[in-house]
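Data block for upload-v3.txt (compact mmCIF, C-alpha atoms and all ligand atoms):
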```
# COMPACT_ATOMS: atom_id res chain seq x y z
CA MET A 1 10.53 52.44 -29.15
CA THR A 2 7.87 51.27 -26.70
CA ILE A 3 6.39 47.79 -26.22
CA ILE A 4 2.69 47.74 -25.36
CA LEU A 5 0.78 44.71 -24.10
CA GLY A 6 -2.94 44.79 -24.91
CA ILE A 7 -5.54 42.72 -23.05
CA GLU A 8 -9.13 42.27 -24.30
CA SER A 9 -11.83 40.32 -22.45
CA SER A 10 -15.06 42.27 -22.94
CA CYS A 11 -17.13 39.46 -24.45
CA ASP A 12 -16.24 35.90 -25.50
CA GLU A 13 -12.75 36.43 -26.90
CA THR A 14 -9.65 36.49 -24.71
CA GLY A 15 -7.28 38.61 -26.78
CA ILE A 16 -3.63 39.31 -26.06
CA GLY A 17 -1.75 41.63 -28.40
CA ILE A 18 1.78 42.98 -28.37
CA VAL A 19 2.54 46.11 -30.39
CA ARG A 20 5.77 48.09 -30.79
CA LEU A 21 5.37 51.86 -31.02
CA GLU A 22 8.28 53.04 -33.16
CA SER A 23 9.98 56.39 -32.60
CA ASP A 24 8.35 57.76 -35.80
CA GLY A 25 4.88 56.95 -34.34
CA SER A 26 4.26 53.91 -36.55
CA LEU A 27 3.04 50.61 -35.07
CA THR A 28 4.37 47.10 -35.57
CA LEU A 29 2.22 44.14 -34.56
CA LEU A 30 4.39 41.53 -32.81
CA ALA A 31 1.76 39.09 -31.49
CA ASP A 32 -2.01 38.62 -31.66
CA GLU A 33 -3.35 35.68 -29.63
CA VAL A 34 -7.10 35.09 -29.53
CA ALA A 35 -8.75 32.31 -27.50
CA SER A 36 -12.49 32.17 -28.13
CA SER A 37 -15.16 30.56 -25.96
CA VAL A 38 -17.73 30.87 -28.78
CA GLU A 39 -18.22 27.10 -29.04
CA GLN A 40 -19.23 26.92 -25.38
CA HIS A 41 -21.97 29.50 -26.04
CA ALA A 42 -23.21 28.07 -29.35
CA ARG A 43 -25.81 25.74 -27.86
CA PHE A 44 -27.32 28.64 -25.90
CA GLY A 45 -27.60 30.82 -29.04
CA GLY A 46 -25.74 33.70 -27.40
CA VAL A 47 -22.96 34.55 -24.98
CA VAL A 48 -23.54 33.28 -21.40
CA PRO A 49 -21.73 35.79 -19.14
CA GLU A 50 -20.62 33.33 -16.43
CA VAL A 51 -19.29 30.89 -19.00
CA ALA A 52 -17.38 33.72 -20.71
CA SER A 53 -15.81 34.90 -17.43
CA ARG A 54 -14.65 31.40 -16.52
CA ALA A 55 -13.20 30.89 -20.01
CA HIS A 56 -11.26 34.18 -19.75
CA LEU A 57 -9.83 33.06 -16.40
CA GLU A 58 -8.61 29.82 -17.94
CA ALA A 59 -7.30 31.30 -21.20
CA LEU A 60 -5.67 34.54 -20.12
CA VAL A 61 -2.30 33.54 -18.69
CA PRO A 62 -1.61 30.79 -21.30
CA SER A 63 -2.49 33.33 -24.03
CA VAL A 64 -0.02 35.84 -22.56
CA THR A 65 2.66 33.11 -22.52
CA ARG A 66 1.96 32.23 -26.18
CA ALA A 67 1.99 35.89 -27.25
CA PHE A 68 5.41 36.52 -25.68
CA ALA A 69 6.78 33.34 -27.27
CA THR A 70 5.53 34.51 -30.70
CA ALA A 71 6.97 37.99 -30.22
CA GLU A 72 10.24 36.51 -28.90
CA LEU A 73 10.06 38.89 -25.95
CA GLU A 74 10.05 38.60 -22.15
CA LEU A 75 7.40 40.11 -19.88
CA SER A 76 10.15 42.41 -18.57
CA ASP A 77 10.37 44.00 -22.06
CA VAL A 78 6.88 45.54 -21.64
CA ASP A 79 6.78 49.34 -21.27
CA ALA A 80 3.00 49.85 -20.89
CA ILE A 81 -0.19 47.83 -20.56
CA ALA A 82 -3.58 48.64 -22.11
CA VAL A 83 -6.71 46.77 -21.08
CA THR A 84 -10.32 46.99 -22.21
CA CYS A 85 -12.21 48.52 -19.28
CA GLY A 86 -15.56 48.81 -21.14
CA PRO A 87 -18.07 48.55 -22.61
CA GLY A 88 -18.79 44.85 -22.23
CA LEU A 89 -19.84 42.11 -19.82
CA ALA A 90 -18.97 43.10 -16.24
CA GLY A 91 -17.52 39.77 -15.10
CA ALA A 92 -15.64 39.25 -18.35
CA LEU A 93 -14.13 42.75 -18.25
CA LEU A 94 -13.07 42.26 -14.61
CA VAL A 95 -10.91 39.26 -15.51
CA GLY A 96 -8.88 41.33 -17.99
CA VAL A 97 -8.76 44.44 -15.80
CA SER A 98 -7.60 42.45 -12.74
CA ALA A 99 -4.92 40.65 -14.73
CA ALA A 100 -3.71 43.92 -16.28
CA LYS A 101 -3.44 45.54 -12.85
CA ALA A 102 -1.44 42.58 -11.56
CA TYR A 103 0.96 42.70 -14.52
CA SER A 104 1.25 46.50 -14.21
CA ALA A 105 2.05 46.34 -10.48
CA ALA A 106 4.44 43.40 -10.83
CA LEU A 107 6.34 44.93 -13.76
CA GLY A 108 6.16 48.53 -12.52
CA VAL A 109 4.80 49.82 -15.83
CA PRO A 110 1.90 52.22 -16.53
CA LEU A 111 -1.62 50.90 -17.03
CA TYR A 112 -4.09 52.38 -19.55
CA GLY A 113 -7.82 51.66 -19.41
CA ALA A 114 -8.90 51.36 -23.06
CA ASN A 115 -12.37 51.84 -24.51
CA HIS A 116 -13.33 48.83 -26.67
CA LEU A 117 -15.12 50.99 -29.29
CA PRO A 118 -12.19 53.18 -30.45
CA GLY A 119 -10.15 49.97 -30.04
CA HIS A 120 -12.01 48.53 -33.05
CA VAL A 121 -11.04 51.63 -35.05
CA ALA A 122 -7.42 51.50 -33.81
CA ALA A 123 -7.19 47.97 -35.27
CA ASP A 124 -7.16 49.53 -38.72
CA THR A 125 -4.01 51.55 -37.96
CA LEU A 126 -2.10 48.27 -37.51
CA GLU A 127 -2.83 47.38 -41.12
CA HIS A 128 -3.16 50.69 -42.95
CA GLY A 129 -1.09 53.14 -40.88
CA PRO A 130 -2.14 56.44 -39.25
CA LEU A 131 -5.71 57.67 -39.76
CA PRO A 132 -6.27 61.00 -41.46
CA ALA A 133 -8.22 63.47 -39.29
CA PRO A 134 -11.12 63.60 -39.30
CA CYS A 135 -12.35 60.22 -40.44
CA LEU A 136 -15.71 58.52 -40.07
CA ALA A 137 -15.83 55.09 -38.41
CA LEU A 138 -18.71 52.71 -39.05
CA LEU A 139 -18.46 50.35 -36.09
CA VAL A 140 -20.56 47.24 -36.56
CA SER A 141 -20.33 44.37 -34.08
CA GLY A 142 -22.46 42.02 -32.03
CA GLY A 143 -22.97 44.64 -29.34
CA HIS A 144 -22.64 47.94 -31.20
CA THR A 145 -23.64 49.75 -34.35
CA GLN A 146 -22.37 53.29 -34.43
CA LEU A 147 -21.12 56.04 -36.69
CA LEU A 148 -18.25 57.89 -35.05
CA ARG A 149 -16.43 61.01 -36.11
CA VAL A 150 -12.78 60.42 -35.16
CA ASP A 151 -10.65 63.55 -34.88
CA ASP A 152 -8.07 61.87 -32.65
CA LEU A 153 -8.23 58.20 -31.64
CA ALA A 154 -6.78 58.96 -28.20
CA THR A 155 -8.61 62.15 -27.31
CA LYS A 156 -11.48 63.19 -29.60
CA ILE A 157 -14.24 60.89 -30.83
CA THR A 158 -17.84 62.03 -31.30
CA GLU A 159 -20.87 59.84 -31.87
CA VAL A 160 -22.70 60.83 -35.05
CA GLY A 161 -25.35 58.09 -34.98
CA SER A 162 -26.14 54.70 -33.46
CA THR A 163 -28.69 51.91 -33.48
CA ILE A 164 -31.87 52.63 -31.58
CA ASP A 165 -32.49 48.91 -30.96
CA ASP A 166 -30.51 45.84 -32.11
CA ALA A 167 -26.87 45.96 -33.19
CA ALA A 168 -26.20 44.74 -36.74
CA GLY A 169 -24.38 41.62 -35.49
CA GLU A 170 -27.23 40.89 -33.09
CA ALA A 171 -29.64 41.01 -36.06
CA TYR A 172 -27.41 38.51 -37.90
CA ASP A 173 -27.38 36.22 -34.86
CA LYS A 174 -31.17 36.41 -34.40
CA VAL A 175 -31.96 35.88 -38.09
CA ALA A 176 -29.56 32.91 -38.20
CA ARG A 177 -31.56 31.35 -35.38
CA ILE A 178 -34.83 31.93 -37.30
CA LEU A 179 -33.28 30.23 -40.35
CA GLY A 180 -31.93 27.30 -38.32
CA LEU A 181 -28.31 28.35 -38.89
CA PRO A 182 -25.67 28.09 -36.12
CA TYR A 183 -24.44 30.79 -33.73
CA PRO A 184 -22.74 33.18 -34.32
CA GLY A 185 -24.95 33.91 -37.30
CA GLY A 186 -22.77 36.24 -39.38
CA PRO A 187 -20.48 33.70 -41.07
CA PRO A 188 -23.20 31.12 -41.97
CA ILE A 189 -25.56 33.82 -43.31
CA ASP A 190 -22.69 35.33 -45.32
CA LYS A 191 -22.01 31.88 -46.79
CA ALA A 192 -25.67 31.05 -47.54
CA ALA A 193 -26.21 34.51 -49.05
CA ARG A 194 -23.53 33.87 -51.68
CA ARG A 195 -25.77 31.14 -53.12
CA GLY A 196 -28.98 33.17 -52.84
CA ASN A 197 -30.70 35.99 -54.72
CA PRO A 198 -30.47 39.32 -52.82
CA ASP A 199 -33.50 40.64 -54.73
CA ALA A 200 -35.73 37.64 -53.96
CA ILE A 201 -37.52 39.39 -51.05
CA ARG A 202 -37.65 43.13 -50.43
CA PHE A 203 -37.13 43.41 -46.67
CA PRO A 204 -37.66 46.81 -44.97
CA ARG A 205 -34.81 49.30 -44.61
CA GLY A 206 -35.23 50.72 -41.08
CA LEU A 207 -35.16 54.49 -40.40
CA THR A 208 -34.76 55.51 -44.03
CA GLY A 209 -37.94 57.61 -44.28
CA PRO A 210 -37.67 61.36 -44.94
CA ARG A 211 -38.55 62.25 -41.33
CA ASP A 212 -36.31 59.62 -39.70
CA ALA A 213 -33.03 60.41 -37.95
CA PRO A 214 -30.53 60.49 -40.85
CA TYR A 215 -27.60 58.74 -39.16
CA ASP A 216 -29.31 56.35 -36.72
CA PHE A 217 -30.04 52.69 -37.41
CA SER A 218 -32.81 50.24 -36.54
CA PHE A 219 -32.65 46.49 -37.17
CA SER A 220 -35.39 45.04 -34.98
CA GLY A 221 -38.12 45.67 -37.61
CA LEU A 222 -36.02 43.87 -40.21
CA LYS A 223 -35.57 40.88 -37.89
CA THR A 224 -39.34 40.78 -37.27
CA ALA A 225 -40.01 41.03 -41.02
CA VAL A 226 -37.76 38.02 -41.64
CA ALA A 227 -39.50 36.06 -38.85
CA ARG A 228 -42.93 36.91 -40.29
CA TRP A 229 -41.87 35.97 -43.82
CA VAL A 230 -40.57 32.62 -42.59
CA GLU A 231 -43.76 31.93 -40.59
CA THR A 232 -46.01 32.65 -43.55
CA HIS A 233 -44.19 30.57 -46.20
CA ASP A 234 -44.23 26.78 -46.33
CA ASP A 235 -40.99 26.29 -48.18
CA LEU A 236 -37.94 28.02 -46.74
CA PRO A 237 -35.45 29.15 -49.40
CA VAL A 238 -32.73 29.74 -46.78
CA ASP A 239 -30.18 31.07 -49.28
CA ASP A 240 -32.60 33.64 -50.76
CA VAL A 241 -33.82 34.81 -47.33
CA ALA A 242 -30.20 35.10 -46.12
CA ALA A 243 -29.16 37.04 -49.23
CA SER A 244 -32.19 39.37 -49.07
CA PHE A 245 -31.68 40.03 -45.34
CA GLN A 246 -27.97 40.64 -45.84
CA GLU A 247 -28.71 43.04 -48.70
CA ALA A 248 -31.06 45.08 -46.47
CA VAL A 249 -28.41 45.35 -43.71
CA ALA A 250 -25.57 46.26 -46.09
CA ASP A 251 -27.78 48.73 -47.98
CA VAL A 252 -28.79 50.70 -44.88
CA LEU A 253 -25.35 50.66 -43.25
CA THR A 254 -23.51 51.85 -46.35
CA ALA A 255 -26.15 54.37 -47.47
CA LYS A 256 -26.20 56.07 -44.06
CA ALA A 257 -22.43 55.98 -43.58
CA VAL A 258 -21.75 57.46 -47.03
CA ARG A 259 -24.43 60.09 -46.48
CA ALA A 260 -22.89 61.06 -43.12
CA ALA A 261 -19.36 61.29 -44.57
CA THR A 262 -20.59 63.39 -47.49
CA GLU A 263 -22.73 65.75 -45.40
CA LEU A 264 -20.05 66.16 -42.72
CA GLY A 265 -17.33 66.68 -45.34
CA ILE A 266 -15.24 63.69 -44.20
CA GLY A 267 -13.06 62.06 -46.87
CA THR A 268 -12.07 58.76 -45.20
CA MET A 269 -14.24 55.97 -43.81
CA VAL A 270 -13.15 53.03 -41.64
CA VAL A 271 -15.49 50.05 -41.30
CA SER A 272 -14.65 47.82 -38.32
CA GLY A 273 -16.14 45.38 -35.80
CA GLY A 274 -17.16 41.76 -36.41
CA VAL A 275 -19.78 42.56 -39.08
CA ALA A 276 -17.12 44.39 -41.15
CA ALA A 277 -15.94 40.86 -42.01
CA ASN A 278 -19.17 40.51 -44.05
CA SER A 279 -18.43 40.11 -47.75
CA ARG A 280 -21.47 42.02 -49.05
CA LEU A 281 -21.01 44.91 -46.60
CA SER A 282 -17.41 45.47 -47.66
CA ALA A 283 -18.23 45.11 -51.38
CA LEU A 284 -21.12 47.58 -51.23
CA ALA A 285 -19.12 50.00 -49.05
CA ARG A 286 -16.31 49.86 -51.62
CA GLU A 287 -18.74 50.57 -54.48
CA ARG A 288 -20.56 53.43 -52.77
CA CYS A 289 -17.43 55.05 -51.29
CA ALA A 290 -15.79 54.99 -54.73
CA GLU A 291 -18.87 56.67 -56.27
CA ALA A 292 -18.83 59.34 -53.54
CA GLY A 293 -15.04 59.90 -53.71
CA ILE A 294 -14.48 58.62 -50.16
CA GLU A 295 -11.37 56.63 -49.24
CA LEU A 296 -12.46 53.34 -47.62
CA ARG A 297 -10.39 51.36 -45.09
CA VAL A 298 -11.53 47.93 -43.90
CA PRO A 299 -9.12 45.90 -41.74
CA LYS A 300 -8.70 42.20 -42.51
CA PRO A 301 -11.37 39.99 -40.82
CA ARG A 302 -9.05 38.84 -38.02
CA LEU A 303 -8.54 42.45 -36.96
CA CYS A 304 -12.28 43.25 -37.31
CA THR A 305 -13.47 40.76 -34.70
CA ASP A 306 -12.48 41.18 -31.02
CA ASN A 307 -8.75 40.85 -30.38
CA GLY A 308 -6.00 42.13 -28.08
CA ALA A 309 -3.93 43.69 -30.87
CA MET A 310 -6.53 46.44 -31.31
CA ILE A 311 -6.30 47.26 -27.59
CA ALA A 312 -2.49 47.31 -27.73
CA ALA A 313 -2.79 49.62 -30.78
CA LEU A 314 -5.15 51.96 -28.94
CA GLY A 315 -2.77 51.84 -25.95
CA ALA A 316 0.05 52.92 -28.27
CA HIS A 317 -2.06 55.87 -29.46
CA LEU A 318 -2.77 56.83 -25.81
CA VAL A 319 0.95 56.64 -24.97
CA ALA A 320 1.92 58.62 -28.09
CA ALA A 321 -0.70 61.30 -27.29
CA GLY A 322 0.70 61.72 -23.76
CA VAL A 323 -2.57 60.70 -22.09
CA SER A 324 -2.18 60.12 -18.32
CA PRO A 325 -2.19 56.44 -17.30
CA SER A 326 -5.03 55.03 -15.20
CA ALA A 327 -4.61 54.51 -11.47
CA LEU A 328 -4.52 51.00 -9.99
CA ASP A 329 -8.13 51.44 -8.86
CA LEU A 330 -9.20 51.23 -12.54
CA SER A 331 -12.54 49.48 -12.65
CA ALA A 332 -14.61 47.69 -15.30
CA SER A 333 -17.25 49.97 -16.84
CA PRO A 334 -19.83 47.74 -18.60
CA GLY A 335 -21.75 50.72 -20.05
CA LEU A 336 -18.75 52.91 -20.95
CA PRO A 337 -19.77 55.40 -23.67
CA VAL A 338 -17.44 56.12 -26.57
O1 LIG A 401 -16.72 42.57 -32.91
P1 LIG A 401 -17.19 41.21 -32.56
O2 LIG A 401 -16.23 40.06 -32.69
O3 LIG A 401 -17.70 41.16 -31.07
C1 LIG A 401 -18.43 42.18 -30.48
O4 LIG A 401 -17.80 43.15 -29.96
O5 LIG A 401 -19.67 42.07 -30.53
O6 LIG A 401 -18.52 40.94 -33.43
C2 LIG A 401 -19.23 39.72 -33.37
C3 LIG A 401 -20.41 39.82 -34.33
C4 LIG A 401 -21.37 38.62 -34.24
O7 LIG A 401 -22.69 39.11 -34.10
C5 LIG A 401 -21.18 37.90 -35.57
O8 LIG A 401 -22.36 37.25 -36.02
C6 LIG A 401 -20.78 39.04 -36.48
O9 LIG A 401 -19.95 39.86 -35.70
N1 LIG A 401 -20.05 38.57 -37.68
C7 LIG A 401 -20.51 38.73 -38.94
C8 LIG A 401 -19.55 38.08 -39.79
N2 LIG A 401 -18.55 37.57 -39.01
C9 LIG A 401 -18.87 37.89 -37.71
N3 LIG A 401 -21.61 39.31 -39.41
C10 LIG A 401 -21.82 39.29 -40.74
N4 LIG A 401 -20.98 38.67 -41.62
C11 LIG A 401 -19.84 38.07 -41.20
N5 LIG A 401 -19.03 37.48 -42.09
ZN ZN A 402 -16.06 44.22 -30.35
```
Using structure tokens, write down the structure from this file.
Amino acid sequence: MTIILGIESSCDETGIGIVRLESDGSLTLLADEVASSVEQHARFGGVVPEVASRAHLEALVPSVTRAFATAELELSDVDAIAVTCGPGLAGALLVGVSAAKAYSAALGVPLYGANHLPGHVAADTLEHGPLPAPCLALLVSGGHTQLLRVDDLATKITEVGSTIDDAAGEAYDKVARILGLPYPGGPPIDKAARRGNPDAIRFPRGLTGPRDAPYDFSFSGLKTAVARWVETHDDLPVDDVAASFQEAVADVLTAKAVRAATELGIGTMVVSGGVAANSRLSALARERCAEAGIELRVPKPRLCTDNGAMIAALGAHLVAAGVSPSALDLSASPGLPV
């Protein structure tokens, strides 16, 4: 049995997770503390890197203290530390990486640099157990929109497709701004869409033409189409625009993901990242995966958005796979690929 401390600070959430890796390879989540600086960014309509870094500095140590109190453990019980080393905001990542190095050196335990992207997929293993190999991950967040073939969470992940412009969450945030809804835009659009008609306006589905890349995504044209529609109509039926926009996003994401799984012969799909918390996306994914005979796994919303538990979980997979720890010169890698 191994206790892993996970530290996440790639964007605006300071996440501290504690996971126990059992001798049979299963994971038990012991603590999951998230301190968000989202309210400090709201008036700017997006994350301000310097504000995020300062907030991580202030929140990190108190979050660690709270996590150990919840888990009823001492720092000296930790056997390994995993920290997000990329991708993300450079200054924000450095706060987590520096803290993780300090804890690792002080406690004399190994340090693992963890990639945020497979971290989102690892979150699912905390709720639904080990992933079958291979599986297809649809990773949809504020910074990323990717289809990943996961043969082994610790050692073998291949990108199948990605967005060529905006991430899905970024499209939500930009459309919310156009509609006068608060930041971050996903939750208020999700809420407004429940009252609206998804068929009211037929917004474009990017990159779905016969000659387009089959597994890549594009959301900037959709965002522009919403802006143009709003500019050219006097009355703004916010609920209908939100529902129609949301339908276009969920339609493209699920159609492409199911197509990829079917064509690549993959029987299990994991949808994760902040946008996986979207009610229409999960409902449509459920419907289309059932039709195609694909097993669908979607972690609960708290595990979909950024958190430290997912990094502790990925750390546990790295430990279990016998991956070599990182050296103490581990650095933040803002553009780290998957
Ligand atoms: O994974 P995450 O917490 O952070 C990143 O790594 O980016 O994702 C944040 C994104 C934001 O763009 C937010 O608007 C979106 O996830 N989001 C949602 C919902 N909840 C959060 N998008 C659609 N529907 C939601 N219910
Ligand atoms: Zn994320």
Using only C-alpha atoms and all ligand atoms, which residues of chain A come within 7 Å of ligand LIG 401 (chain A), and what is the closest atom pair for each, with the distance in Å to one decimal? Give it as JSON lines, sorted by chain and residue number.
```
{"residue": "A:Cys11", "atom": "CA", "partner": "A:LIG401", "partner_atom": "O4", "distance": 6.7}
{"residue": "A:Ser141", "atom": "CA", "partner": "A:LIG401", "partner_atom": "O6", "distance": 3.9}
{"residue": "A:Gly142", "atom": "CA", "partner": "A:LIG401", "partner_atom": "O5", "distance": 3.2}
{"residue": "A:Gly143", "atom": "CA", "partner": "A:LIG401", "partner_atom": "O5", "distance": 4.3}
{"residue": "A:His144", "atom": "CA", "partner": "A:LIG401", "partner_atom": "O5", "distance": 6.6}
{"residue": "A:Gly169", "atom": "CA", "partner": "A:LIG401", "partner_atom": "O7", "distance": 3.3}
{"residue": "A:Glu170", "atom": "CA", "partner": "A:LIG401", "partner_atom": "O7", "distance": 5.0}
{"residue": "A:Tyr172", "atom": "CA", "partner": "A:LIG401", "partner_atom": "O8", "distance": 5.5}
{"residue": "A:Asp173", "atom": "CA", "partner": "A:LIG401", "partner_atom": "O8", "distance": 5.3}
{"residue": "A:Pro184", "atom": "CA", "partner": "A:LIG401", "partner_atom": "O8", "distance": 4.4}
{"residue": "A:Gly185", "atom": "CA", "partner": "A:LIG401", "partner_atom": "O8", "distance": 4.4}
{"residue": "A:Gly186", "atom": "CA", "partner": "A:LIG401", "partner_atom": "N3", "distance": 3.3}
{"residue": "A:Pro187", "atom": "CA", "partner": "A:LIG401", "partner_atom": "N5", "distance": 4.2}
{"residue": "A:Ile189", "atom": "CA", "partner": "A:LIG401", "partner_atom": "N4", "distance": 6.9}
{"residue": "A:Asp190", "atom": "CA", "partner": "A:LIG401", "partner_atom": "N4", "distance": 5.3}
{"residue": "A:Gly273", "atom": "CA", "partner": "A:LIG401", "partner_atom": "O1", "distance": 4.1}
{"residue": "A:Gly274", "atom": "CA", "partner": "A:LIG401", "partner_atom": "O6", "distance": 3.4}
{"residue": "A:Val275", "atom": "CA", "partner": "A:LIG401", "partner_atom": "N3", "distance": 3.7}
{"residue": "A:Ala276", "atom": "CA", "partner": "A:LIG401", "partner_atom": "C11", "distance": 6.9}
{"residue": "A:Ala277", "atom": "CA", "partner": "A:LIG401", "partner_atom": "N5", "distance": 4.6}
{"residue": "A:Asn278", "atom": "CA", "partner": "A:LIG401", "partner_atom": "N4", "distance": 3.5}
{"residue": "A:Ser279", "atom": "CA", "partner": "A:LIG401", "partner_atom": "N5", "distance": 6.3}
{"residue": "A:Cys304", "atom": "CA", "partner": "A:LIG401", "partner_atom": "O1", "distance": 6.3}
{"residue": "A:Thr305", "atom": "CA", "partner": "A:LIG401", "partner_atom": "O2", "distance": 3.5}
{"residue": "A:Asp306", "atom": "CA", "partner": "A:LIG401", "partner_atom": "O2", "distance": 4.3}
```
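Among A:Ala292, A:Met310, A:Leu57, A:Met1, the residue with the shortest atom-to-atom distance to ligand ZN 402 (chain A), counting only C-alpha atoms and all ligand atoms, is A:Met310.
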### Task
Go ahead and compute the interatomic distance for atom CA of Glu263 of chain A and atom CA of Ala285 of chain A, in Å to one decimal.
16.6 Å
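The spacing separating atom CA of Leu328 of chain A from atom CA of Lys101 of chain A amounts to 6.3 Å.
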#### Entry: All residues 12 Å or closer to segment 220-230 of chain A, only C-alpha atoms, same chain fewer than 3 positions away omitted, as number ranges by chain
A: 163-180, 200-207, 217, 233-238, 240-249, 252
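When only C-alpha atoms and all ligand atoms are used to measure the gap to ligand ZN 402 (chain A), the shortest distance among A:Gly322, A:Gly96, A:Gly308, A:Gly267 belongs to A:Gly308.
Taking all atoms listed in the file into account, Glu22 of chain A lies nearest to A:Ala320 out of the set A:Leu314, A:Thr208, A:Thr232, A:Ala320.
What separates atom CA of Thr254 of chain A from atom CA of Leu318 of chain A is a distance of 29.6 Å.
Minimum distance to Ala31 of chain A across A:Val121, A:Val298, A:Val338, A:Ala309 (counting all atoms listed in the file) occurs at A:Ala309.
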### Message
Please determine, counting only C-alpha atoms, which residue among A:Glu8, A:Glu74, A:Asp251, A:Asp329 has the shortest atom-to-atom distance to Ala114 of chain A.
### Response
A:Glu8
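Nearest to Ser53 of chain A of all the residues A:Asp24, A:Asp79, A:Asp124, A:Glu13 is A:Glu13, counting all atoms listed in the file.
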### Query
Excluding same-chain residues fewer than 6 positions from Leu27 of chain A, what lies within 9 Å of it counting all atoms listed in the file, as a PyMOL selection string?
chain A and resi 19-21+125-126+129-130+313+316
Any idea what's packed within 8 Å of segment 48-52 of chain A, counting only C-alpha atoms, ignoring anything in its chain fewer than 4 positions away? Could you give it as a PDB file with C-alpha atoms, keeping the file's coordinate frame?
```pdb
ATOM      1  CA  CYS A  11     -17.130  39.460 -24.450  1.00  0.00           C
ATOM      2  CA  ASP A  12     -16.240  35.900 -25.500  1.00  0.00           C
ATOM      3  CA  SER A  37     -15.160  30.560 -25.960  1.00  0.00           C
ATOM      4  CA  GLN A  40     -19.230  26.920 -25.380  1.00  0.00           C
ATOM      5  CA  HIS A  41     -21.970  29.500 -26.040  1.00  0.00           C
ATOM      6  CA  PHE A  44     -27.320  28.640 -25.900  1.00  0.00           C
ATOM      7  CA  HIS A  56     -11.260  34.180 -19.750  1.00  0.00           C
ATOM      8  CA  LEU A  89     -19.840  42.110 -19.820  1.00  0.00           C
ATOM      9  CA  GLY A  91     -17.520  39.770 -15.100  1.00  0.00           C
ATOM     10  CA  ALA A  92     -15.640  39.250 -18.350  1.00  0.00           C
TER      11      ALA A  92
END
```
Within 6 Å of (-20.7, 55.2, -38.7) (file coordinates; all atoms listed in the file), which protein or nucleic acid residues are there? I'd like them as a CSV table (one decimal) with C-alpha atoms, in the coordinates of the input.
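Okay, part-v6.csv is ready:
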```csv
chain,number,residue,atom,x,y,z
A,137,ALA,CA,-15.8,55.1,-38.4
A,138,LEU,CA,-18.7,52.7,-39.0
A,139,LEU,CA,-18.5,50.4,-36.1
A,146,GLN,CA,-22.4,53.3,-34.4
A,147,LEU,CA,-21.1,56.0,-36.7
A,148,LEU,CA,-18.2,57.9,-35.0
A,257,ALA,CA,-22.4,56.0,-43.6
```
#### Entry: Sphere at (-33.1, 60.8, -37.1), radius 12 Å, counting only C-alpha atoms: residues as a VMD selection string
chain A and resid 160 to 164 206 to 218 256 260
Could you write those residues out with C-alpha atoms, as a PDB file, keeping the file's coordinate frame?
```pdb
ATOM      1  CA  VAL A 160     -22.700  60.830 -35.050  1.00  0.00           C
ATOM      2  CA  GLY A 161     -25.350  58.090 -34.980  1.00  0.00           C
ATOM      3  CA  SER A 162     -26.140  54.700 -33.460  1.00  0.00           C
ATOM      4  CA  THR A 163     -28.690  51.910 -33.480  1.00  0.00           C
ATOM      5  CA  ILE A 164     -31.870  52.630 -31.580  1.00  0.00           C
ATOM      6  CA  GLY A 206     -35.230  50.720 -41.080  1.00  0.00           C
ATOM      7  CA  LEU A 207     -35.160  54.490 -40.400  1.00  0.00           C
ATOM      8  CA  THR A 208     -34.760  55.510 -44.030  1.00  0.00           C
ATOM      9  CA  GLY A 209     -37.940  57.610 -44.280  1.00  0.00           C
ATOM     10  CA  PRO A 210     -37.670  61.360 -44.940  1.00  0.00           C
ATOM     11  CA  ARG A 211     -38.550  62.250 -41.330  1.00  0.00           C
ATOM     12  CA  ASP A 212     -36.310  59.620 -39.700  1.00  0.00           C
ATOM     13  CA  ALA A 213     -33.030  60.410 -37.950  1.00  0.00           C
ATOM     14  CA  PRO A 214     -30.530  60.490 -40.850  1.00  0.00           C
ATOM     15  CA  TYR A 215     -27.600  58.740 -39.160  1.00  0.00           C
ATOM     16  CA  ASP A 216     -29.310  56.350 -36.720  1.00  0.00           C
ATOM     17  CA  PHE A 217     -30.040  52.690 -37.410  1.00  0.00           C
ATOM     18  CA  SER A 218     -32.810  50.240 -36.540  1.00  0.00           C
ATOM     19  CA  LYS A 256     -26.200  56.070 -44.060  1.00  0.00           C
ATOM     20  CA  ALA A 260     -22.890  61.060 -43.120  1.00  0.00           C
TER      21      ALA A 260
END
```
### Neighbour list for Pro334 of chain A as a PyMOL selection string, cut-off 8 Å, all atoms listed in the file, skip fewer than 3 positions in-chain
chain A and resi 85-90+93
Please identify all polymer residues within 7 Å of Thr268 of chain A, counting only C-alpha atoms, omitting same-chain residues fewer than 6 positions from it, and present them as a PDB file with C-alpha atoms, keeping the file's coordinate frame.
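Output file out_13.pdb follows:
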```
ATOM      1  CA  CYS A 135     -12.350  60.220 -40.440  1.00  0.00           C
ATOM      2  CA  LEU A 136     -15.710  58.520 -40.070  1.00  0.00           C
ATOM      3  CA  ILE A 294     -14.480  58.620 -50.160  1.00  0.00           C
ATOM      4  CA  GLU A 295     -11.370  56.630 -49.240  1.00  0.00           C
ATOM      5  CA  LEU A 296     -12.460  53.340 -47.620  1.00  0.00           C
TER       6      LEU A 296
END
```
